[in-house]
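work_32.tsv (TSV, C-alpha atoms)
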chain	number	residue	atom	x	y	z
A	1	ILE	CA	134.33	142.07	124.41
A	2	LEU	CA	131.44	140.48	126.28
A	3	GLN	CA	130.15	142.67	129.11
A	4	LEU	CA	128.33	140.68	131.80
A	5	ASP	CA	125.01	142.40	132.25
A	6	SER	CA	121.71	141.30	133.72
A	7	LEU	CA	118.01	141.20	133.12
A	8	SER	CA	117.96	143.83	135.88
A	9	ALA	CA	119.41	146.30	133.35
A	10	PHE	CA	115.97	146.61	131.76
A	11	GLN	CA	113.88	147.19	134.89
A	12	PRO	CA	113.95	148.75	138.35
A	13	VAL	CA	114.40	146.01	140.96
A	14	PRO	CA	113.39	146.72	144.57
A	15	TYR	CA	115.57	145.07	147.26
A	16	ILE	CA	118.62	145.02	144.94
A	17	THR	CA	118.47	148.60	143.70
A	18	THR	CA	122.21	149.25	143.47
A	19	TYR	CA	122.75	145.99	141.60
A	20	GLY	CA	120.02	146.88	139.09
A	21	ALA	CA	121.34	150.41	138.61
A	22	THR	CA	124.87	149.18	137.93
A	23	LYS	CA	123.57	146.71	135.36
A	24	ALA	CA	121.60	149.51	133.64
A	25	PHE	CA	124.91	151.38	133.47
A	26	VAL	CA	126.65	148.37	131.89
A	27	LEU	CA	123.95	148.14	129.20
A	28	SER	CA	124.10	151.86	128.40
A	29	TYR	CA	127.90	151.89	128.49
A	30	THR	CA	128.12	148.89	126.17
A	31	ARG	CA	125.71	150.38	123.64
A	32	ALA	CA	127.65	153.66	123.59
A	33	MET	CA	131.00	151.88	123.27
A	34	ILE	CA	129.69	149.84	120.33
A	35	ARG	CA	129.19	153.13	118.47
A	36	GLU	CA	132.63	154.41	119.48
A	37	LEU	CA	134.30	151.15	118.39
A	38	LYS	CA	132.56	151.05	115.01
A	39	GLY	CA	135.11	150.56	112.25
A	40	THR	CA	137.89	149.43	114.61
A	41	GLY	CA	137.27	145.69	114.23
A	42	ILE	CA	136.48	145.39	117.94
A	43	ARG	CA	133.10	143.85	118.78
A	44	MET	CA	131.33	144.48	122.06
A	45	MET	CA	128.08	143.08	123.40
A	46	ALA	CA	126.12	143.08	126.67
A	47	MET	CA	125.30	139.55	127.82
A	48	ASN	CA	122.03	139.28	129.79
A	49	PRO	CA	121.73	135.73	131.11
A	50	GLY	CA	118.95	135.81	133.66
A	51	TRP	CA	119.65	133.77	136.82
A	52	VAL	CA	122.83	131.68	136.56
A	53	LYS	CA	123.92	128.97	138.99
A	54	THR	CA	127.11	130.55	140.42
A	55	GLU	CA	128.65	131.64	143.72
A	56	PHE	CA	126.44	134.75	143.46
A	57	PHE	CA	123.70	132.82	145.25
A	58	ASN	CA	125.92	132.01	148.24
A	59	HIS	CA	126.48	135.73	148.78
A	60	ALA	CA	122.90	136.72	147.97
A	61	PHE	CA	121.37	134.34	150.51
A	62	GLN	CA	123.78	135.46	153.22
A	63	THR	CA	123.36	139.21	152.72
A	64	ASN	CA	119.87	139.76	151.32
A	65	ASN	CA	117.00	137.71	152.70
A	66	ARG	CA	114.48	139.67	150.62
A	67	VAL	CA	115.51	138.19	147.26
A	68	GLN	CA	114.58	134.55	147.38
A	69	TYR	CA	112.54	133.60	144.32
A	70	PHE	CA	114.29	132.52	141.12
A	71	ASN	CA	112.14	131.27	138.23
A	72	TYR	CA	114.66	129.89	135.71
A	73	VAL	CA	118.25	129.14	136.69
A	74	TYR	CA	120.74	128.38	133.93
A	75	GLU	CA	124.15	126.72	133.85
A	76	ALA	CA	127.03	129.15	133.27
A	77	LYS	CA	128.45	127.09	130.38
A	78	ASP	CA	125.18	127.38	128.46
A	79	VAL	CA	124.95	131.14	129.00
A	80	VAL	CA	128.56	131.66	127.88
A	81	ALA	CA	127.97	129.53	124.77
A	82	THR	CA	124.99	131.71	123.84
A	83	GLY	CA	126.97	134.90	124.48
A	84	LEU	CA	129.93	133.81	122.35
A	85	ARG	CA	127.66	132.60	119.54
A	86	ASP	CA	125.78	135.90	119.53
A	87	LEU	CA	129.00	137.95	119.68
A	88	TYR	CA	130.53	136.22	116.65
A	89	LYS	CA	127.45	135.39	114.57
A	90	THR	CA	125.07	138.34	115.00
A	91	LYS	CA	125.13	142.11	114.85
A	92	LYS	CA	123.06	142.49	118.01
A	93	ASP	CA	124.18	144.70	120.89
A	94	VAL	CA	122.64	142.41	123.52
A	95	SER	CA	122.77	138.65	124.04
A	96	ILE	CA	119.84	137.24	126.00
A	97	HIS	CA	119.97	133.57	127.01
A	98	GLY	CA	116.75	131.57	127.10
A	99	LEU	CA	113.25	132.16	125.83
A	100	PRO	CA	111.82	132.91	129.30
A	101	VAL	CA	114.38	135.70	129.77
A	102	LYS	CA	113.71	137.08	126.28
A	103	LEU	CA	109.99	137.16	127.03
A	104	GLN	CA	110.62	138.88	130.36
A	105	VAL	CA	112.77	141.55	128.68
A	106	LEU	CA	109.98	142.16	126.17
A	107	GLY	CA	107.43	142.35	128.99
A	108	VAL	CA	109.38	144.87	131.05
A	109	LYS	CA	109.81	147.04	127.96
A	110	LEU	CA	106.06	147.07	127.29
A	111	LEU	CA	104.62	147.22	130.81
A	112	PRO	CA	104.66	150.22	133.17
A	113	HIS	CA	107.56	150.07	135.63
A	114	LYS	CA	105.14	150.36	138.54
A	115	LEU	CA	103.52	147.07	137.50
A	116	VAL	CA	106.89	145.40	136.82
A	117	MET	CA	108.09	146.29	140.33
A	118	LYS	CA	104.85	145.02	141.86
A	119	VAL	CA	105.26	141.66	140.11
A	120	TRP	CA	108.90	141.45	141.24
A	121	MET	CA	107.98	142.20	144.85
A	122	ASN	CA	105.15	139.64	144.80
A	123	GLN	CA	107.53	137.00	143.45
A	124	GLN	CA	109.89	137.63	146.34
A	125	LYS	CA	107.13	136.76	148.81
A	126	LYS	CA	107.10	133.17	147.53
A	127	PRO	CA	108.84	130.47	149.58
A	128	LEU	CA	112.61	130.30	149.45
A	129	ASN	CA	113.66	128.08	146.56
A	130	ASN	CA	117.43	127.94	146.86
A	131	GLN	CA	117.83	124.16	146.95
A	132	GLY	CA	120.80	123.16	144.84
A	133	LEU	CA	121.94	126.75	144.26
A	134	THR	CA	124.39	127.01	147.12
A	135	LYS	CA	127.21	124.73	148.22

Go ahead and render the structure in this file as structure tokens.
Amino acid sequence: ILQLDSLSAFQPVPYITTYGATKAFVLSYTRAMIRELKGTGIRMMAMNPGWVKTEFFNHAFQTNNRVQYFNYVYEAKDVVATGLRDLYKTKKDVSIHGLPVKLQVLGVKLLPHKLVMKVWMNQQKKPLNNQGLTK
């Protein structure tokens, strides 16, 4: 079972607080279920892809004009390939696609949340960069 999670699971994210909180739930839920499923032959993993080029952006740009900066945007097929590889070939509880996302997860684990939120909010003040993300 691959649970679709988000980089937001690891950090508080102003402007999309409910989204971030639900993704933190998915990560915690997945980790707990992995323990419960131990010995059953059922594998479970949280997949944290970073920004993925999907219909999500169409909705995000229409409903939330505060979130407009996206550093790395990945193709869904590449993220899914990483998730499936990690699910079947590793014993990890989390699949993280892309070195930039892995480094960001490490950073948000090491840095104070106050600083992480400040960086996030400063990024969102950059010019809108949604070219090619919406139809």

Legend entry - Neighbour list for range 40-57 of chain A as a ChimeraX atom specification, cut-off 8 Å, all atoms listed in the file, skip fewer than 2 positions in-chain: /A:1-7,26-27,30-31,33-34,37-38,59-61,70,72-76,79,83,87,92-98,101,133-134

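Polymer residues near (115.7, 150.5, 142.6): counting only C-alpha atoms with a cut-off of 12 Å, they are Ser8, Ala9, Phe10, Gln11, Pro12, Val13, Pro14, Tyr15, Ile16, Thr17, Thr18, Tyr19, Gly20, Ala21, Thr22, Lys23, Ala24, His113, Lys114, Val116, Met117, Trp120 and Met121 of chain A.
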
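Counting from CA of Ala32 in chain A, the distance to CA of Lys77 in chain A is 27.4 Å.
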
Legend entry - Straight-line distance linking CA of Val105 in chain A with CA of Asn122 in chain A, stated in Å to one decimal: 17.9 Å

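Of note, CA of Leu103 in chain A and CA of Ser28 in chain A are spaced 20.4 Å apart.
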